[in-house]
$ cat target.pdb   # PDB, C-alpha atoms
ATOM      1  CA  MET P  85     -21.843  -2.848 -13.842
ATOM      2  CA  LYS P  86     -21.122  -3.838 -17.430
ATOM      3  CA  ASN P  87     -19.087  -1.706 -19.806
ATOM      4  CA  ARG P  88     -17.940  -1.470 -23.417
ATOM      5  CA  LEU P  89     -14.413  -0.367 -22.638
ATOM      6  CA  ARG P  90     -12.670  -3.345 -24.227
ATOM      7  CA  GLU P  91     -14.770  -3.022 -27.386
ATOM      8  CA  LEU P  92     -14.075   0.728 -27.660
ATOM      9  CA  ARG P  93     -10.373   0.264 -26.970
ATOM     10  CA  GLU P  94     -10.024  -2.484 -29.569
ATOM     11  CA  LYS P  95     -11.847  -0.323 -32.113
ATOM     12  CA  GLN P  96      -9.097   2.268 -31.669
ATOM     13  CA  VAL P  97      -6.450  -0.497 -31.911
ATOM     14  CA  TRP P  98      -5.057   0.485 -28.531
ATOM     15  CA  SER P  99      -3.448  -1.889 -26.092
ATOM     16  CA  GLN P 100      -4.469  -1.744 -22.422
ATOM     17  CA  GLY P 101      -1.178   0.060 -21.818
ATOM     18  CA  ASP P 102      -1.997   2.677 -24.478
ATOM     19  CA  LEU P 103      -5.386   3.353 -22.928
ATOM     20  CA  ALA P 104      -3.904   3.417 -19.425
ATOM     21  CA  GLU P 105      -1.386   6.025 -20.535
ATOM     22  CA  ARG P 106      -4.132   8.193 -22.053
ATOM     23  CA  LEU P 107      -6.196   7.936 -18.879
ATOM     24  CA  ASP P 108      -3.175   8.368 -16.579
ATOM     25  CA  VAL P 109      -3.892   5.166 -14.662
ATOM     26  CA  PRO P 110      -1.942   1.891 -14.329
ATOM     27  CA  ARG P 111      -2.600  -0.816 -16.929
ATOM     28  CA  GLN P 112      -4.003  -3.045 -14.160
ATOM     29  CA  THR P 113      -6.775  -0.504 -13.562
ATOM     30  CA  VAL P 114      -7.837  -0.674 -17.215
ATOM     31  CA  ASN P 115      -7.785  -4.469 -17.024
ATOM     32  CA  ALA P 116      -9.841  -4.485 -13.799
ATOM     33  CA  ILE P 117     -12.465  -2.186 -15.365
ATOM     34  CA  GLU P 118     -12.634  -4.189 -18.599
ATOM     35  CA  THR P 119     -13.080  -7.474 -16.779
ATOM     36  CA  GLY P 120     -15.772  -5.984 -14.537
ATOM     37  CA  LYS P 121     -13.726  -6.456 -11.363
ATOM     38  CA  TYR P 122     -13.725  -2.743 -10.615
ATOM     39  CA  ASP P 123     -16.207   0.048 -11.281
ATOM     40  CA  PRO P 124     -14.388   3.356 -11.869
ATOM     41  CA  SER P 125     -15.085   6.496  -9.895
ATOM     42  CA  LEU P 126     -17.238   9.185 -11.493
ATOM     43  CA  PRO P 127     -14.222  11.402 -12.404
ATOM     44  CA  LEU P 128     -12.496   8.455 -14.121
ATOM     45  CA  ALA P 129     -15.715   7.467 -15.883
ATOM     46  CA  PHE P 130     -15.957  11.042 -17.190
ATOM     47  CA  ARG P 131     -12.331  10.886 -18.391
ATOM     48  CA  ILE P 132     -13.089   7.632 -20.231
ATOM     49  CA  ALA P 133     -16.241   9.099 -21.784
ATOM     50  CA  LYS P 134     -14.376  12.247 -22.834
ATOM     51  CA  LEU P 135     -11.570  10.198 -24.395
ATOM     52  CA  PHE P 136     -13.993   8.210 -26.552
ATOM     53  CA  ARG P 137     -16.273  11.233 -27.116
ATOM     54  CA  LEU P 138     -19.268   9.310 -25.805
ATOM     55  CA  SER P 139     -21.647   9.695 -22.896
ATOM     56  CA  ILE P 140     -20.989   7.753 -19.698
ATOM     57  CA  GLU P 141     -24.239   5.807 -20.013
ATOM     58  CA  SER P 142     -23.316   4.629 -23.486
ATOM     59  CA  ILE P 143     -20.128   3.064 -22.089
ATOM     60  CA  PHE P 144     -21.264   1.886 -18.666
ATOM     61  CA  VAL P 145     -24.474  -0.067 -18.286
ATOM     62  CA  PRO P 146     -25.950  -0.823 -14.859
ATOM     63  CA  GLY P 147     -25.996  -4.524 -14.043
ATOM     64  CA  LYS P 148     -28.501  -6.462 -11.958
ATOM     65  CA  ASP P 149     -28.376  -5.454  -8.254
TER      66      ASP P 149
ATOM     67  CA  MET W  68       1.845   6.282 -10.292
ATOM     68  CA  SER W  69       4.773   6.819 -12.650
ATOM     69  CA  ARG W  70       7.418   4.150 -13.107
ATOM     70  CA  SER W  71      10.151   6.657 -12.255
ATOM     71  CA  PHE W  72       8.492   7.405  -8.911
ATOM     72  CA  LEU W  73       8.137   3.691  -8.173
ATOM     73  CA  LYS W  74      11.787   3.082  -9.065
ATOM     74  CA  SER W  75      12.925   5.987  -6.897
ATOM     75  CA  TYR W  76      10.596   4.831  -4.092
ATOM     76  CA  ARG W  77      12.051   1.316  -4.112
ATOM     77  CA  PHE W  78      15.605   2.631  -4.126
ATOM     78  CA  ARG W  79      14.919   4.995  -1.213
ATOM     79  CA  VAL W  80      13.163   2.322   0.855
ATOM     80  CA  PHE W  81      16.031  -0.095   0.213
ATOM     81  CA  ALA W  82      18.627   2.537   1.207
ATOM     82  CA  LEU W  83      16.681   3.504   4.345
ATOM     83  CA  MET W  84      16.232  -0.111   5.431
ATOM     84  CA  ALA W  85      19.961  -0.669   4.898
ATOM     85  CA  ALA W  86      20.557   2.396   7.091
ATOM     86  CA  TYR W  87      18.160   0.949   9.672
ATOM     87  CA  ILE W  88      20.129  -2.312   9.846
ATOM     88  CA  ALA W  89      23.417  -0.412  10.097
ATOM     89  CA  VAL W  90      22.104   1.791  12.930
ATOM     90  CA  LEU W  91      20.585  -1.230  14.667
ATOM     91  CA  PHE W  92      23.892  -3.119  14.704
ATOM     92  CA  PHE W  93      26.445  -0.305  15.053
ATOM     93  CA  VAL W  94      24.734   2.603  16.853
ATOM     94  CA  TRP W  95      21.863   1.297  18.936
ATOM     95  CA  PRO W  96      23.981  -1.168  21.039
ATOM     96  CA  HIS W  97      25.815   1.858  22.526
ATOM     97  CA  ALA W  98      22.557   3.108  24.067
ATOM     98  CA  GLN W  99      22.808   0.758  27.058
ATOM     99  CA  SER W 100      26.279   1.962  27.987
ATOM    100  CA  ALA W 101      25.559   5.671  27.472
ATOM    101  CA  THR W 102      25.481   7.608  30.745
ATOM    102  CA  ILE W 103      24.193  11.014  29.638
ATOM    103  CA  LEU W 104      20.392  10.856  29.403
ATOM    104  CA  PRO W 105      19.872  12.909  26.189
ATOM    105  CA  VAL W 106      22.555  10.807  24.445
ATOM    106  CA  LYS W 107      20.984   7.604  25.758
ATOM    107  CA  ILE W 108      17.575   8.679  24.439
ATOM    108  CA  ALA W 109      19.015   9.720  21.066
ATOM    109  CA  LEU W 110      20.871   6.412  20.649
ATOM    110  CA  SER W 111      17.821   4.419  21.791
ATOM    111  CA  VAL W 112      15.495   5.926  19.210
ATOM    112  CA  ALA W 113      18.086   6.236  16.415
ATOM    113  CA  PRO W 114      16.856   3.105  14.565
ATOM    114  CA  THR W 115      13.359   4.575  14.337
ATOM    115  CA  LEU W 116      14.460   7.541  12.191
ATOM    116  CA  PRO W 117      14.947   5.588   8.934
ATOM    117  CA  VAL W 118      11.770   3.602   9.635
ATOM    118  CA  ILE W 119       9.717   6.761  10.210
ATOM    119  CA  THR W 120      11.120   8.139   6.938
ATOM    120  CA  VAL W 121      10.001   4.923   5.209
ATOM    121  CA  LEU W 122       6.515   5.459   6.667
ATOM    122  CA  TRP W 123       6.489   8.953   5.187
ATOM    123  CA  LEU W 124       7.554   7.533   1.797
ATOM    124  CA  MET W 125       4.794   4.917   2.037
ATOM    125  CA  ALA W 126       2.250   7.670   2.656
ATOM    126  CA  LEU W 127       3.586   9.536  -0.412
ATOM    127  CA  ARG W 128       3.276   6.383  -2.473
ATOM    128  CA  VAL W 129      -0.359   5.877  -1.445
ATOM    129  CA  MET W 130      -1.164   9.537  -2.193
ATOM    130  CA  ARG W 131       0.361   9.232  -5.673
ATOM    131  CA  SER W 132      -1.468   5.995  -6.433
ATOM    132  CA  ASP W 133      -4.516   5.926  -8.666
ATOM    133  CA  GLU W 134      -8.007   5.258  -7.291
ATOM    134  CA  LEU W 135      -7.931   1.470  -7.635
ATOM    135  CA  GLU W 136      -4.473   1.213  -6.088
ATOM    136  CA  GLN W 137      -5.654   3.421  -3.213
ATOM    137  CA  ARG W 138      -8.621   1.111  -2.735
ATOM    138  CA  VAL W 139      -6.266  -1.891  -2.559
ATOM    139  CA  HIS W 140      -3.989  -0.059  -0.082
ATOM    140  CA  LEU W 141      -6.971   0.864   2.092
ATOM    141  CA  MET W 142      -8.402  -2.654   2.129
ATOM    142  CA  ALA W 143      -4.985  -4.169   2.855
ATOM    143  CA  LEU W 144      -4.283  -1.643   5.627
ATOM    144  CA  SER W 145      -7.689  -2.365   7.162
ATOM    145  CA  VAL W 146      -7.038  -6.114   7.179
ATOM    146  CA  ALA W 147      -3.503  -5.640   8.550
ATOM    147  CA  THR W 148      -4.666  -3.235  11.262
ATOM    148  CA  ALA W 149      -7.461  -5.587  12.302
ATOM    149  CA  ALA W 150      -5.110  -8.585  12.420
ATOM    150  CA  VAL W 151      -2.425  -6.823  14.464
ATOM    151  CA  ALA W 152      -5.041  -5.223  16.742
ATOM    152  CA  ALA W 153      -6.690  -8.594  17.403
ATOM    153  CA  VAL W 154      -3.382 -10.322  18.184
ATOM    154  CA  SER W 155      -2.267  -7.390  20.389
ATOM    155  CA  LEU W 156      -5.554  -7.379  22.269
ATOM    156  CA  VAL W 157      -5.540 -11.134  22.899
ATOM    157  CA  GLY W 158      -1.846 -11.016  23.884
ATOM    158  CA  GLY W 159      -2.432  -8.019  26.119
ATOM    159  CA  PHE W 160      -5.252  -9.685  28.035
ATOM    160  CA  LEU W 161      -3.299 -12.955  28.340
ATOM    161  CA  SER W 162      -0.341 -11.003  29.699
ATOM    162  CA  ALA W 163      -2.484  -8.919  32.066
ATOM    163  CA  SER W 164      -4.041 -12.048  33.547
ATOM    164  CA  GLY W 165      -0.643 -13.703  33.949
ATOM    165  CA  VAL W 166      -1.171 -16.523  31.448
ATOM    166  CA  ILE W 167       1.839 -15.410  29.405
ATOM    167  CA  HIS W 168       4.732 -13.202  30.427
ATOM    168  CA  VAL W 169       5.888 -10.566  27.965
ATOM    169  CA  ASP W 170       7.820  -7.358  28.539
ATOM    170  CA  GLY W 171       7.740  -4.019  26.743
ATOM    171  CA  ASP W 172      10.338  -5.105  24.167
ATOM    172  CA  ILE W 173       7.588  -6.955  22.336
ATOM    173  CA  LEU W 174       6.310  -3.571  21.098
ATOM    174  CA  ILE W 175       9.246  -3.563  18.655
ATOM    175  CA  TRP W 176       7.458  -6.334  16.761
ATOM    176  CA  VAL W 177       4.248  -4.367  16.200
ATOM    177  CA  PHE W 178       5.579  -2.480  13.158
ATOM    178  CA  PRO W 179       7.181  -5.508  11.428
ATOM    179  CA  SER W 180       3.971  -7.490  12.082
ATOM    180  CA  LEU W 181       1.926  -4.695  10.552
ATOM    181  CA  CYS W 182       4.226  -4.556   7.497
ATOM    182  CA  LEU W 183       4.117  -8.320   7.048
ATOM    183  CA  SER W 184       0.345  -8.604   7.378
ATOM    184  CA  TYR W 185      -0.118  -5.532   5.141
ATOM    185  CA  GLY W 186       2.115  -7.038   2.436
ATOM    186  CA  LEU W 187       0.242 -10.323   2.576
ATOM    187  CA  ALA W 188      -3.169  -8.629   2.590
ATOM    188  CA  ARG W 189      -2.180  -6.366  -0.327
ATOM    189  CA  TRP W 190      -1.109  -9.379  -2.361
ATOM    190  CA  ILE W 191      -4.403 -11.176  -1.649
ATOM    191  CA  VAL W 192      -6.586  -8.093  -2.268
ATOM    192  CA  GLY W 193      -4.550  -7.133  -5.364
ATOM    193  CA  ARG W 194      -5.126 -10.564  -6.912
ATOM    194  CA  ARG W 195      -8.854  -9.933  -6.702
ATOM    195  CA  TYR W 196      -8.375  -6.975  -9.064
ATOM    196  CA  GLY W 197      -5.928  -8.735 -11.376
ATOM    197  CA  GLY W 198      -2.702  -8.008  -9.521
ATOM    198  CA  VAL W 199      -3.169  -4.305  -8.733
ATOM    199  CA  GLY W 200      -0.689  -2.970  -6.163
ATOM    200  CA  CYS W 201       1.248  -6.237  -6.080
ATOM    201  CA  GLY W 202       4.303  -4.691  -7.695
TER     202      GLY W 202
END
$ encode --input "target.pdb" --output "structure tokens"
Amino acid sequence: MKNRLRELREKQVWSQGDLAERLDVPRQTVNAIETGKYDPSLPLAFRIAKLFRLSIESIFVPGKD
Amino acid sequence: MSRSFLKSYRFRVFALMAAYIAVLFFVWPHAQSATILPVKIALSVAPTLPVITVLWLMALRVMRSDELEQRVHLMALSVATAAVAAVSLVGGFLSASGVIHVDGDILIWVFPSLCLSYGLARWIVGRRYGGVGCG
């Protein structure tokens, strides 16, 4: 799954640590999501969407299966 | 998981493992010479108390971890359990058929083997996610 997390974070001028703090997750989790190594759970995806005031599908895009 | 919890966790584990070593060297050796059965049993299992407390702390740590860390813990525990189970099974059959001779004392090594293989597996799995759970 692809996502726009890095782009959205950089638009806010937040570091990975800043975003991690806002989402209450470790910085490594933010990094793993941004680099596509980990797809977040639905509750975390909702938290991310709520934080950026966007819909989940506008942040996360399904990749080729 | 908060940094303060991780710091406190590390300190507690260190203190408990220090207690384990102290009990192992200064209390446990008296078990063989003890004559009263309840005392003998208590002295024999004394080293396990700090270790069991560490296990409880480890469970707390996993419960307080975030979803990705929990995933890493689960994968590492699965690998470690499989590795120790495979070695135990092979060793058990070799011992049962008389190829190798081991006594019950070898059971003491199950927990350290599990910890070692878990630590190694967590490091390997964590690297896959950019170092998650390696700290």
$ resolve_selection --input "target.pdb" --expression "the ChimeraX specification (/W :<8) & /P" --output "list in words"
Val109, Pro110, Gln112, Thr113, Asn115, Ala116, Lys121, Tyr122, Pro124 and Ser125 of chain P
$ atom_distance --input "target.pdb" --atom1 "atom CA of Gly158 of chain W" --atom2 "atom CA of Leu141 of chain W"
25.3 Å
$ atom_distance --input "target.pdb" --atom1 "atom CA of Ile88 of chain W" --atom2 "atom CA of Cys182 of chain W"
16.2 Å
$ atom_distance --input "target.pdb" --atom1 "atom CA of Gly120 of chain P" --atom2 "atom CA of Ser184 of chain W"
27.3 Å
$ resolve_selection --input "target.pdb" --expression "the PyMOL selection byres ((chain P and resi 144) around 10)" --output "JSON, numbers by chain"
{"P": [85, 86, 87, 88, 89, 123, 124, 129, 133, 139, 140, 141, 142, 143, 145, 146, 147]}
$ closest_residue --input "target.pdb" --among "P:Phe130, P:Arg137, P:Arg90, P:Thr119" --to "Leu103 of chain P" --atoms "all atoms listed in the file"
P:Arg90
$ resolve_selection --input "target.pdb" --expression "the PyMOL selection byres ((chain W and resi 127) around 12)" --output "JSON, numbers by chain"
{"W": [68, 72, 73, 75, 76, 120, 121, 122, 123, 124, 125, 126, 128, 129, 130, 131, 132, 137]}
$ closest_residue --input "target.pdb" --among "W:Ala109, W:Val154, W:Val80, W:Val118" --to "Pro179 of chain W" --atoms "only C-alpha atoms"
W:Val118
